[in-house]
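J.: Data file run.cif (mmCIF, C-alpha atoms) is appended below.
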```
data_input
#
loop_
_atom_site.label_atom_id
_atom_site.label_comp_id
_atom_site.auth_asym_id
_atom_site.auth_seq_id
_atom_site.Cartn_x
_atom_site.Cartn_y
_atom_site.Cartn_z
CA MET B 25 23.35 -51.99 -22.15
CA SER B 26 21.01 -50.70 -19.45
CA HIS B 27 17.96 -48.83 -20.77
CA ASN B 28 17.39 -46.93 -17.54
CA ILE B 29 19.99 -44.35 -18.56
CA ASP B 30 17.99 -42.84 -21.42
CA HIS B 31 17.52 -39.73 -19.22
CA ILE B 32 21.20 -38.82 -19.72
CA PHE B 33 20.34 -37.90 -23.32
CA LYS B 34 19.34 -34.26 -22.76
CA SER B 35 17.92 -31.66 -25.17
CA TYR B 36 21.33 -30.64 -26.49
CA ASP B 37 23.88 -33.16 -25.22
CA ILE B 38 24.55 -36.27 -23.15
CA ARG B 39 25.20 -35.67 -19.45
CA GLY B 40 25.26 -37.97 -16.43
CA LYS B 41 27.03 -39.15 -13.30
CA VAL B 42 30.27 -40.92 -14.08
CA GLY B 43 30.27 -44.67 -13.47
CA THR B 44 26.60 -45.15 -12.62
CA GLU B 45 25.14 -43.38 -15.67
CA LEU B 46 27.99 -42.55 -18.04
CA ASN B 47 30.84 -45.05 -18.33
CA GLU B 48 33.20 -46.40 -20.99
CA GLU B 49 30.67 -48.89 -22.34
CA VAL B 50 28.04 -46.16 -22.78
CA SER B 51 30.61 -43.86 -24.42
CA ARG B 52 31.79 -46.57 -26.82
CA ASN B 53 28.21 -47.35 -27.85
CA VAL B 54 27.52 -43.63 -28.39
CA GLY B 55 30.62 -43.56 -30.64
CA ARG B 56 29.33 -46.52 -32.67
CA ALA B 57 25.81 -45.06 -32.98
CA PHE B 58 27.18 -41.61 -33.92
CA ALA B 59 29.44 -43.17 -36.60
CA ASP B 60 26.44 -44.94 -38.15
CA TRP B 61 24.11 -41.96 -37.85
CA LEU B 62 26.34 -39.33 -39.49
CA GLU B 63 25.27 -38.78 -43.10
CA ARG B 64 28.52 -37.43 -44.47
CA LYS B 65 31.40 -39.81 -45.13
CA GLY B 66 34.71 -38.86 -43.63
CA ALA B 67 36.54 -38.32 -40.38
CA VAL B 68 35.24 -37.26 -36.96
CA ALA B 69 37.11 -34.98 -34.53
CA VAL B 70 37.17 -35.95 -30.85
CA GLY B 71 38.20 -33.60 -28.05
CA ARG B 72 37.93 -33.71 -24.27
CA ASP B 73 38.09 -31.49 -21.19
CA MET B 74 40.20 -31.84 -18.01
CA ARG B 75 37.86 -33.99 -15.89
CA PRO B 76 39.55 -37.03 -14.28
CA ASP B 77 37.63 -39.54 -16.44
CA SER B 78 37.41 -37.55 -19.70
CA GLU B 79 40.42 -39.28 -21.24
CA ALA B 80 39.01 -42.79 -20.63
CA LEU B 81 35.57 -41.78 -21.94
CA ALA B 82 37.15 -40.16 -25.03
CA GLU B 83 39.21 -43.32 -25.65
CA ALA B 84 36.05 -45.44 -25.50
CA LEU B 85 34.22 -43.03 -27.81
CA ILE B 86 37.10 -43.18 -30.32
CA LYS B 87 37.11 -46.98 -30.10
CA GLY B 88 33.40 -47.03 -31.01
CA LEU B 89 33.88 -44.65 -33.93
CA ILE B 90 36.78 -46.59 -35.49
CA GLU B 91 35.01 -49.94 -34.95
CA GLN B 92 32.30 -48.64 -37.27
CA GLY B 93 34.85 -47.66 -39.89
CA ARG B 94 35.17 -43.94 -39.10
CA ASP B 95 38.55 -42.24 -39.20
CA VAL B 96 39.13 -40.16 -36.07
CA ILE B 97 41.21 -37.03 -35.55
CA ASP B 98 42.01 -36.82 -31.83
CA ILE B 99 42.49 -33.13 -30.98
CA GLY B 100 43.20 -33.83 -27.30
CA GLN B 101 42.36 -31.49 -24.42
CA VAL B 102 40.52 -28.48 -25.85
CA THR B 103 37.73 -26.02 -25.12
CA THR B 104 34.32 -26.98 -26.53
CA ASP B 105 34.37 -24.17 -29.09
CA MET B 106 37.53 -25.75 -30.56
CA ILE B 107 35.63 -28.92 -31.51
CA TYR B 108 33.24 -26.79 -33.59
CA PHE B 109 36.25 -25.06 -35.14
CA ALA B 110 37.97 -28.38 -35.94
CA VAL B 111 34.87 -29.74 -37.70
CA GLY B 112 34.36 -26.56 -39.75
CA HIS B 113 38.03 -25.74 -40.45
CA LEU B 114 39.02 -29.31 -41.43
CA ASN B 115 35.70 -29.95 -43.24
CA LEU B 116 34.91 -33.09 -41.22
CA ALA B 117 31.80 -35.29 -41.02
CA GLY B 118 31.26 -34.46 -37.36
CA GLY B 119 32.75 -33.91 -33.93
CA ALA B 120 32.41 -35.13 -30.35
CA MET B 121 33.52 -33.35 -27.19
CA VAL B 122 33.73 -35.14 -23.84
CA THR B 123 32.71 -32.53 -21.26
CA ALA B 124 30.01 -31.70 -18.72
CA SER B 125 30.68 -27.96 -19.11
CA HIS B 126 30.24 -26.27 -15.69
CA ASN B 127 28.60 -29.25 -13.92
CA PRO B 128 30.25 -30.49 -10.70
CA GLY B 129 33.18 -32.92 -10.90
CA GLU B 130 31.15 -36.14 -10.50
CA TYR B 131 29.44 -35.49 -13.85
CA ASN B 132 30.63 -35.86 -17.39
CA GLY B 133 29.04 -35.71 -20.81
CA ILE B 134 29.35 -35.73 -24.59
CA LYS B 135 28.47 -32.91 -26.99
CA LEU B 136 28.01 -33.88 -30.63
CA CYS B 137 27.92 -31.92 -33.88
CA ARG B 138 27.72 -32.86 -37.52
CA GLU B 139 29.30 -31.32 -40.63
CA GLU B 140 29.87 -27.53 -40.57
CA ALA B 141 29.54 -27.72 -36.76
CA ARG B 142 25.74 -28.13 -37.10
CA PRO B 143 24.16 -29.02 -33.74
CA VAL B 144 22.96 -32.51 -32.81
CA GLY B 145 20.16 -32.36 -30.21
CA LEU B 146 17.17 -34.55 -29.38
CA GLU B 147 15.18 -33.03 -32.24
CA SER B 148 18.09 -33.14 -34.69
CA GLY B 149 19.46 -36.68 -34.37
CA LEU B 150 20.33 -37.28 -30.72
CA ALA B 151 17.12 -39.28 -30.11
CA ASP B 152 18.10 -41.60 -32.98
CA ILE B 153 21.68 -41.91 -31.63
CA ARG B 154 20.22 -42.66 -28.17
CA ASP B 155 17.96 -45.42 -29.50
CA ARG B 156 20.73 -47.01 -31.57
CA SER B 157 23.21 -46.94 -28.70
CA LEU B 158 20.77 -48.27 -26.06
CA SER B 159 19.56 -51.11 -28.31
CA GLU B 160 23.13 -51.72 -29.57
CA ASN B 161 21.75 -51.80 -33.08
CA PHE B 162 24.85 -51.03 -35.17
CA LYS B 163 25.67 -51.50 -38.84
CA ALA B 164 28.07 -54.27 -39.80
CA SER B 165 31.37 -52.60 -40.70
CA LYS B 166 33.87 -54.14 -43.10
CA LYS B 167 36.78 -51.91 -42.09
CA VAL B 168 38.31 -50.35 -39.03
CA GLY B 169 38.90 -46.60 -39.09
CA ALA B 170 42.32 -44.96 -38.69
CA ARG B 171 43.18 -42.71 -35.77
CA THR B 172 45.44 -39.67 -35.98
CA SER B 173 46.24 -36.88 -33.54
CA GLN B 174 46.34 -33.18 -34.43
CA ASP B 175 47.12 -30.03 -32.48
CA ILE B 176 44.77 -27.31 -33.78
CA CYS B 177 45.67 -24.70 -31.16
CA GLU B 178 47.70 -22.37 -33.37
CA ASP B 179 45.09 -22.44 -36.14
CA TRP B 180 42.39 -21.71 -33.55
CA ILE B 181 44.20 -18.66 -32.11
CA THR B 182 44.78 -17.32 -35.66
CA HIS B 183 41.05 -17.78 -36.35
CA VAL B 184 40.01 -16.00 -33.11
CA LEU B 185 42.29 -13.02 -33.80
CA GLY B 186 40.83 -12.78 -37.33
CA PHE B 187 37.70 -11.20 -35.79
CA ILE B 188 39.61 -8.04 -34.80
CA ASP B 189 42.46 -5.79 -35.99
CA VAL B 190 45.20 -6.93 -33.60
CA ASP B 191 47.37 -3.88 -34.42
CA LYS B 192 44.78 -1.63 -32.77
CA LEU B 193 45.01 -3.37 -29.37
CA VAL B 194 46.69 -1.39 -26.60
CA PRO B 195 48.45 -2.63 -23.47
CA LEU B 196 45.99 -3.55 -20.70
CA ARG B 197 46.36 -5.07 -17.27
CA ILE B 198 43.66 -7.71 -16.81
CA ALA B 199 42.87 -10.78 -14.72
CA VAL B 200 41.61 -14.03 -16.25
CA ASP B 201 39.86 -16.72 -14.18
CA ALA B 202 39.83 -20.11 -15.92
CA GLY B 203 38.14 -21.81 -12.96
CA ASN B 204 40.53 -24.79 -13.32
CA GLY B 205 38.79 -25.41 -16.66
CA MET B 206 40.01 -25.74 -20.23
CA ALA B 207 40.58 -22.00 -20.77
CA GLY B 208 43.60 -22.51 -18.46
CA LYS B 209 45.29 -24.44 -21.26
CA ILE B 210 44.12 -22.36 -24.22
CA PHE B 211 44.27 -18.73 -23.00
CA PRO B 212 48.09 -18.85 -22.54
CA GLU B 213 48.30 -19.72 -26.27
CA LEU B 214 46.64 -16.35 -27.03
CA GLU B 215 48.79 -14.28 -24.69
CA PRO B 216 51.92 -13.92 -26.90
CA TYR B 217 49.78 -12.27 -29.61
CA VAL B 218 48.06 -9.60 -27.47
CA PRO B 219 49.63 -6.70 -25.50
CA TRP B 220 47.90 -7.65 -22.27
CA GLU B 221 49.56 -8.17 -18.92
CA VAL B 222 47.52 -11.09 -17.58
CA THR B 223 47.10 -12.11 -13.93
CA GLU B 224 46.17 -15.78 -14.23
CA LEU B 225 43.73 -17.28 -11.72
CA TYR B 226 43.16 -21.04 -11.48
CA PHE B 227 44.82 -21.96 -14.79
CA GLU B 228 45.81 -25.40 -13.39
CA LEU B 229 43.59 -28.00 -15.10
CA ASP B 230 41.59 -29.76 -12.39
CA GLY B 231 38.23 -31.33 -13.15
CA THR B 232 37.36 -31.58 -9.46
CA PHE B 233 37.09 -27.75 -9.40
CA PRO B 234 38.90 -27.21 -6.07
CA ASN B 235 38.53 -23.39 -6.01
CA HIS B 236 35.00 -22.66 -7.20
CA GLU B 237 32.36 -23.94 -9.58
CA ALA B 238 33.39 -22.93 -13.10
CA ASN B 239 30.12 -21.18 -13.90
CA PRO B 240 30.47 -17.39 -14.26
CA LEU B 241 26.68 -17.09 -14.62
CA LYS B 242 26.68 -17.61 -10.84
CA PHE B 243 28.14 -14.28 -9.83
CA GLU B 244 29.21 -15.61 -6.41
CA THR B 245 31.92 -17.64 -8.23
CA LEU B 246 33.57 -14.37 -9.30
CA LYS B 247 34.59 -13.18 -5.84
CA ASP B 248 38.30 -14.01 -6.24
CA ILE B 249 38.73 -12.35 -9.64
CA ASN B 250 36.83 -9.28 -8.37
CA ASP B 251 39.20 -9.02 -5.39
CA VAL B 252 42.26 -9.24 -7.66
CA ILE B 253 40.89 -6.64 -10.11
CA ARG B 254 40.12 -4.11 -7.36
CA LYS B 255 43.22 -4.74 -5.24
CA ASN B 256 45.60 -4.38 -8.19
CA LYS B 257 43.58 -1.63 -9.90
CA LEU B 258 43.33 -3.63 -13.13
CA TYR B 259 41.44 -2.60 -16.25
CA GLY B 260 39.09 -5.54 -15.79
CA GLY B 261 38.87 -9.28 -16.21
CA ILE B 262 37.53 -12.30 -18.07
CA ALA B 263 35.92 -15.33 -16.39
CA PHE B 264 35.40 -18.60 -18.32
CA ASP B 265 33.20 -21.59 -17.63
CA GLY B 266 34.56 -25.14 -17.29
CA ASP B 267 34.66 -26.06 -20.98
CA GLY B 268 35.58 -22.56 -22.13
CA ASP B 269 32.68 -21.90 -24.48
CA ARG B 270 31.29 -19.08 -22.29
CA ALA B 271 33.10 -16.01 -21.03
CA PHE B 272 32.01 -12.94 -19.08
CA LEU B 273 33.85 -9.63 -18.87
CA ILE B 274 34.16 -7.96 -15.47
CA ASP B 275 34.76 -4.23 -15.13
CA GLU B 276 37.24 -2.41 -12.87
CA THR B 277 34.61 -2.03 -10.11
CA GLY B 278 33.94 -5.80 -10.02
CA GLU B 279 30.60 -5.57 -11.86
CA VAL B 280 29.85 -8.22 -14.49
CA LEU B 281 28.99 -7.27 -18.05
CA THR B 282 25.92 -9.51 -18.25
CA GLY B 283 24.90 -11.65 -21.21
CA GLY B 284 22.52 -8.85 -22.23
CA VAL B 285 25.21 -6.16 -22.08
CA MET B 286 27.67 -8.35 -24.02
CA SER B 287 24.98 -9.19 -26.61
CA ALA B 288 24.39 -5.46 -27.13
CA ILE B 289 28.11 -4.62 -27.38
CA LEU B 290 28.81 -7.42 -29.86
CA ALA B 291 25.67 -6.62 -31.89
CA ASP B 292 26.84 -3.02 -32.22
CA TYR B 293 30.31 -4.17 -33.28
CA PHE B 294 29.05 -6.47 -36.04
CA LEU B 295 26.63 -3.84 -37.31
CA SER B 296 29.54 -1.41 -37.61
CA LEU B 297 31.17 -3.97 -39.93
CA GLU B 298 28.01 -5.03 -41.80
CA LYS B 299 25.45 -2.26 -41.96
CA GLY B 300 21.80 -3.33 -41.96
CA SER B 301 22.34 -7.01 -41.16
CA ASN B 302 20.09 -9.26 -39.08
CA ILE B 303 21.16 -9.84 -35.48
CA ILE B 304 19.67 -12.67 -33.41
CA TYR B 305 18.80 -12.56 -29.69
CA ASP B 306 16.93 -15.01 -27.45
CA ALA B 307 13.52 -14.51 -25.82
CA ARG B 308 14.93 -13.90 -22.33
CA ASN B 309 17.65 -11.47 -23.41
CA SER B 310 17.68 -7.81 -22.38
CA ARG B 311 15.48 -5.46 -24.40
CA SER B 312 18.58 -3.26 -24.57
CA VAL B 313 19.68 -5.63 -27.34
CA PRO B 314 16.94 -4.90 -29.94
CA LEU B 315 17.16 -1.22 -28.96
CA VAL B 316 20.88 -1.13 -29.80
CA ILE B 317 20.38 -3.18 -32.98
CA LYS B 318 17.71 -0.79 -34.30
CA LYS B 319 19.75 2.28 -33.36
CA ALA B 320 22.71 0.86 -35.32
CA GLY B 321 20.50 0.28 -38.36
CA GLY B 322 20.20 -3.50 -38.02
CA SER B 323 17.22 -5.85 -37.88
CA PRO B 324 16.63 -7.56 -34.51
CA VAL B 325 15.33 -11.13 -34.77
CA ILE B 326 14.04 -12.84 -31.61
CA THR B 327 14.28 -16.65 -31.21
CA LYS B 328 13.58 -19.36 -28.68
CA VAL B 329 16.31 -20.02 -26.11
CA GLY B 330 18.88 -22.70 -26.98
CA HIS B 331 21.79 -23.06 -29.36
CA ALA B 332 19.96 -25.27 -31.88
CA ASN B 333 17.27 -22.60 -32.36
CA ILE B 334 19.70 -19.71 -32.56
CA LYS B 335 22.10 -21.40 -35.00
CA GLN B 336 19.24 -22.37 -37.31
CA VAL B 337 17.74 -18.87 -37.42
CA MET B 338 21.20 -17.31 -37.88
CA ARG B 339 21.75 -19.55 -40.91
CA GLU B 340 18.34 -18.66 -42.35
CA LYS B 341 18.91 -14.93 -41.84
CA ASN B 342 22.65 -14.93 -42.64
CA ALA B 343 23.17 -13.13 -39.32
CA PRO B 344 26.80 -12.31 -38.45
CA PHE B 345 26.04 -12.52 -34.71
CA GLY B 346 23.60 -14.01 -32.21
CA GLY B 347 23.57 -13.47 -28.44
CA GLU B 348 22.00 -15.34 -25.53
CA ALA B 349 21.37 -14.00 -22.02
CA SER B 350 23.20 -17.09 -20.69
CA GLY B 351 26.51 -15.85 -22.12
CA HIS B 352 26.59 -17.99 -25.26
CA PHE B 353 27.59 -15.83 -28.23
CA TYR B 354 27.41 -17.12 -31.81
CA PHE B 355 29.35 -16.01 -34.89
CA ARG B 356 28.50 -16.67 -38.52
CA ASP B 357 32.19 -16.69 -39.45
CA ASN B 358 32.75 -19.37 -36.81
CA TRP B 359 30.36 -21.81 -38.55
CA PHE B 360 27.50 -20.15 -36.63
CA ALA B 361 28.89 -21.73 -33.45
CA ASP B 362 29.42 -20.09 -30.06
CA SER B 363 32.78 -19.23 -28.55
CA GLY B 364 33.80 -17.77 -25.21
CA LEU B 365 37.24 -16.75 -26.43
CA ILE B 366 36.02 -14.94 -29.57
CA ALA B 367 33.42 -13.05 -27.48
CA ALA B 368 35.99 -12.06 -24.83
CA VAL B 369 38.58 -10.91 -27.38
CA ILE B 370 36.04 -8.81 -29.33
CA GLY B 371 34.67 -7.37 -26.06
CA MET B 372 38.12 -6.25 -24.91
CA TYR B 373 38.86 -4.93 -28.42
CA VAL B 374 35.66 -2.83 -28.52
CA ALA B 375 36.47 -1.43 -25.07
CA THR B 376 39.99 -0.55 -26.23
CA LEU B 377 38.74 1.23 -29.36
CA SER B 378 36.17 3.18 -27.34
CA GLY B 379 38.86 4.52 -25.01
CA LYS B 380 36.41 3.99 -22.15
CA LYS B 381 36.63 2.10 -18.89
CA LEU B 382 34.73 -1.19 -18.92
CA SER B 383 32.28 0.24 -16.35
CA GLU B 384 31.51 3.13 -18.73
CA LEU B 385 30.97 0.68 -21.56
CA ARG B 386 28.68 -1.39 -19.34
CA LYS B 387 26.56 1.65 -18.47
CA THR B 388 26.38 2.77 -22.13
CA TYR B 389 24.77 -0.56 -23.04
CA THR B 390 22.53 -0.90 -19.97
CA HIS B 391 19.17 0.77 -20.58
CA PHE B 392 17.01 -1.01 -18.00
CA ALA B 393 17.11 -2.48 -14.50
CA ALA B 394 17.14 -6.28 -14.63
CA ILE B 395 17.24 -9.33 -12.36
CA PRO B 396 19.63 -12.22 -12.94
CA GLU B 397 17.72 -15.29 -14.16
CA THR B 398 15.96 -16.71 -11.08
CA ASN B 399 14.89 -20.35 -10.67
CA PHE B 400 11.84 -21.61 -8.78
CA THR B 401 11.15 -25.28 -8.05
CA VAL B 402 7.49 -25.97 -8.86
CA LYS B 403 5.36 -29.13 -9.09
CA ASP B 404 3.65 -28.24 -12.35
CA PRO B 405 5.41 -25.59 -14.49
CA LYS B 406 2.57 -25.54 -17.06
CA HIS B 407 -0.01 -24.76 -14.37
CA SER B 408 2.19 -21.98 -12.94
CA ILE B 409 2.63 -20.38 -16.37
CA ALA B 410 -1.14 -20.58 -17.05
CA LEU B 411 -1.89 -18.90 -13.69
CA ILE B 412 0.58 -16.09 -14.38
CA GLY B 413 -0.82 -15.61 -17.89
CA GLU B 414 -4.35 -15.35 -16.49
CA ASN B 415 -3.26 -12.65 -14.02
CA PHE B 416 -1.60 -10.59 -16.77
CA LYS B 417 -4.20 -11.11 -19.50
CA SER B 418 -4.74 -7.37 -20.03
CA TYR B 419 -1.13 -7.04 -21.28
CA ASN B 420 0.61 -8.21 -24.44
CA ARG B 421 1.41 -11.93 -24.04
CA GLU B 422 3.58 -14.05 -26.31
CA ASN B 423 4.34 -17.78 -26.22
CA LEU B 424 7.44 -18.00 -28.39
CA ASP B 425 9.34 -19.59 -25.50
CA GLY B 426 7.40 -20.00 -22.26
CA LEU B 427 5.36 -16.87 -21.53
CA THR B 428 6.58 -13.34 -22.23
CA VAL B 429 4.45 -10.50 -20.86
CA THR B 430 5.19 -6.94 -22.03
CA ILE B 431 3.81 -4.25 -19.70
CA ASP B 432 5.27 -1.27 -21.57
CA LYS B 433 8.34 -0.39 -23.67
CA SER B 434 10.75 -0.92 -20.80
CA THR B 435 8.92 -3.38 -18.54
CA TRP B 436 8.53 -7.08 -19.33
CA PHE B 437 9.13 -10.56 -17.94
CA ASN B 438 9.52 -14.09 -19.25
CA VAL B 439 8.76 -17.34 -17.41
CA ARG B 440 9.77 -20.62 -18.99
CA ALA B 441 10.05 -24.21 -17.87
CA SER B 442 13.50 -25.81 -17.76
CA ASN B 443 14.13 -28.57 -20.30
CA THR B 444 15.82 -30.74 -17.71
CA GLU B 445 14.29 -30.19 -14.25
CA PRO B 446 10.96 -29.19 -12.58
CA VAL B 447 12.02 -25.58 -12.46
CA LEU B 448 10.55 -22.29 -13.69
CA ARG B 449 13.05 -19.68 -14.84
CA LEU B 450 12.15 -16.01 -14.44
CA ASN B 451 13.74 -13.09 -16.30
CA ALA B 452 12.49 -9.52 -15.90
CA GLU B 453 13.40 -5.93 -16.75
CA ALA B 454 11.92 -2.51 -15.99
CA ALA B 455 12.73 1.18 -16.34
CA ASP B 456 14.11 1.38 -12.78
CA LYS B 457 14.73 -0.78 -9.72
CA HIS B 458 11.53 0.28 -7.96
CA GLN B 459 9.31 -0.81 -10.88
CA LEU B 460 11.39 -3.98 -11.27
CA ASP B 461 11.02 -4.97 -7.59
CA SER B 462 7.28 -4.48 -7.69
CA LEU B 463 6.88 -6.53 -10.91
CA VAL B 464 9.11 -9.35 -9.62
CA ALA B 465 7.22 -9.44 -6.29
CA LYS B 466 3.90 -9.84 -8.11
CA VAL B 467 5.16 -12.62 -10.43
CA THR B 468 7.01 -14.39 -7.60
CA GLY B 469 3.82 -14.32 -5.50
CA LEU B 470 1.95 -16.10 -8.28
CA ILE B 471 4.71 -18.70 -8.71
CA THR B 472 4.84 -19.54 -5.00
CA VAL B 473 1.07 -19.97 -4.65
CA SER B 474 0.91 -22.20 -7.71
#
```
In structure tokens, how does this file's structure come out?
T.:
Amino acid sequence: MSHNIDHIFKSYDIRGKVGTELNEEVSRNVGRAFADWLERKGAVAVGRDMRPDSEALAEALIKGLIEQGRDVIDIGQVTTDMIYFAVGHLNLAGGAMVTASHNPGEYNGIKLCREEARPVGLESGLADIRDRSLSENFKASKKVGARTSQDICEDWITHVLGFIDVDKLVPLRIAVDAGNGMAGKIFPELEPYVPWEVTELYFELDGTFPNHEANPLKFETLKDINDVIRKNKLYGGIAFDGDGDRAFLIDETGEVLTGGVMSAILADYFLSLEKGSNIIYDARNSRSVPLVIKKAGGSPVITKVGHANIKQVMREKNAPFGGEASGHFYFRDNWFADSGLIAAVIGMYVATLSGKKLSELRKTYTHFAAIPETNFTVKDPKHSIALIGENFKSYNRENLDGLTVTIDKSTWFNVRASNTEPVLRLNAEAADKHQLDSLVAKVTGLITVS
């Protein structure tokens, strides 16, 4: 197998262009390597999204797994959070999901996890799986594994609703935008159990994404759902990404409840259930989050960005919840894994209990002015970060993840290099928009001259 595709093995998953970088041969070899690498004996769950080639890639992956003697439970077309659920709920050796999340239609990928839905990234096994699959160095297997199919949808919905008291939900009129992604198949399974009148947008599964990119972190993709919410005077809406593991709430005015706002809302909710617990948030998340955690009597714990870091720290601290600015929300009682559907359901539930409009809830949990994460293409990210650090050396600087500079209690910024491209990512907050604009202008000036 060609060695010039080792770049498709990213920090947290495998992702590449279909045909030229990721094909059935590559997928089968990944299946064989994964089967050999997994420590625990037992079956592996395999799921896939709605992309045109996901079924063929999943078939090849399954073939590789059973060749190496692994039993496979094929759970079919699912959201990514359902693969984590399958592995935890059925106590399996591992799981594999064929998806490229929100990437455009010409891409596909594979996300892997081991027992208890523990992550498999470059630093936790994926480099080994890469090397085994590229060199085709597989163990000799005496038996062929068995393949079975299982529909876990009903169990999943029961699990999701276990995070709230369903009897306390009230009728709401909402819109849900699945972006032609996997939430279009799974959200209708939830609908009979909740008293919500749902206007469905783009629930038809289509991995070519004919209507808009399925990435709600890009707020321009939310134009259609905003129009529907305002025109029909709905309570609000939920927008999912392509593989359904991220969800954003949108209020009745069309404003998004950002990852920071959602992190704060969910942190508050879990602290109301478990007084004094640790709550995890990432280095680029809003400082509203630790503020809310402390006010609710919890202990805020900051971590590096990325699901492997967050899940590990959550396990160490027995944290019931962890939130990322990117819209990934993690739950201890979901095997420390993230879920878009659990986050959305709890968010709507909290709003219902509060008796407030979603816009009121958003304002309650927004303490600072913030920019959306902004990307800059730079030749040498390390040099840029060093230059910025030098210019802000009279302030408190931390290097937990990239460079975080704290000007005062409400004003800070973080610059960090992307794991996958020559890009610097900037996050910033301040007491008001005027202070924010001036801070961002100064940092941006330093990035562009570097």
J.: I'd like the neighbourhood of segment 288-298 of chain B as number ranges by chain, where a residue qualifies if any of its atoms comes within 9 Å (using only C-alpha atoms), though same-chain residues fewer than 3 positions away should be ignored.
T.: B: 283-285, 301-304, 310, 312-317, 319-322, 344-347, 353, 367, 370-371, 374, 385-386, 389-390
J.: Excluding segment 255-266 of chain B and any residue of its chain fewer than 5 positions from it, enumerate the residues within 6 Å of it, using all atoms listed in the file, and give them as a PyMOL selection string.
T.: chain B and resi 125-126+197-202+205+238-239+271-276
J.: Might you spell out which residues the PyMOL selection byres ((chain B and resi 128) around 8) would select in the displayed file, as a PDB file with C-alpha atoms, keeping the file's coordinate frame?
T.:
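So the final result, stored in part32.pdb, reads:
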```pdb
ATOM      1  CA  HIS B 126      30.240 -26.270 -15.690  1.00  0.00           C
ATOM      2  CA  ASN B 127      28.600 -29.250 -13.920  1.00  0.00           C
ATOM      3  CA  GLY B 129      33.180 -32.920 -10.900  1.00  0.00           C
ATOM      4  CA  GLU B 130      31.150 -36.140 -10.500  1.00  0.00           C
ATOM      5  CA  TYR B 131      29.440 -35.490 -13.850  1.00  0.00           C
ATOM      6  CA  THR B 232      37.360 -31.580  -9.460  1.00  0.00           C
ATOM      7  CA  PHE B 233      37.090 -27.750  -9.400  1.00  0.00           C
ATOM      8  CA  GLU B 237      32.360 -23.940  -9.580  1.00  0.00           C
TER       9      GLU B 237
END
```
J.: Could you state which residues are captured by the PyMOL selection byres ((chain B and resi 149) around 12) in this file, as an NGL selection string?
T.: :B and (33-37 or 57-58 or 60-63 or 136-138 or 142-148 or 150-156 or 332)
J.: Rounded to one decimal in Å, what is the spacing between atom CA of Gly88 of chain B and atom CA of Gly55 of chain B?
T.: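 Interatomic distance here is 4.5 Å.
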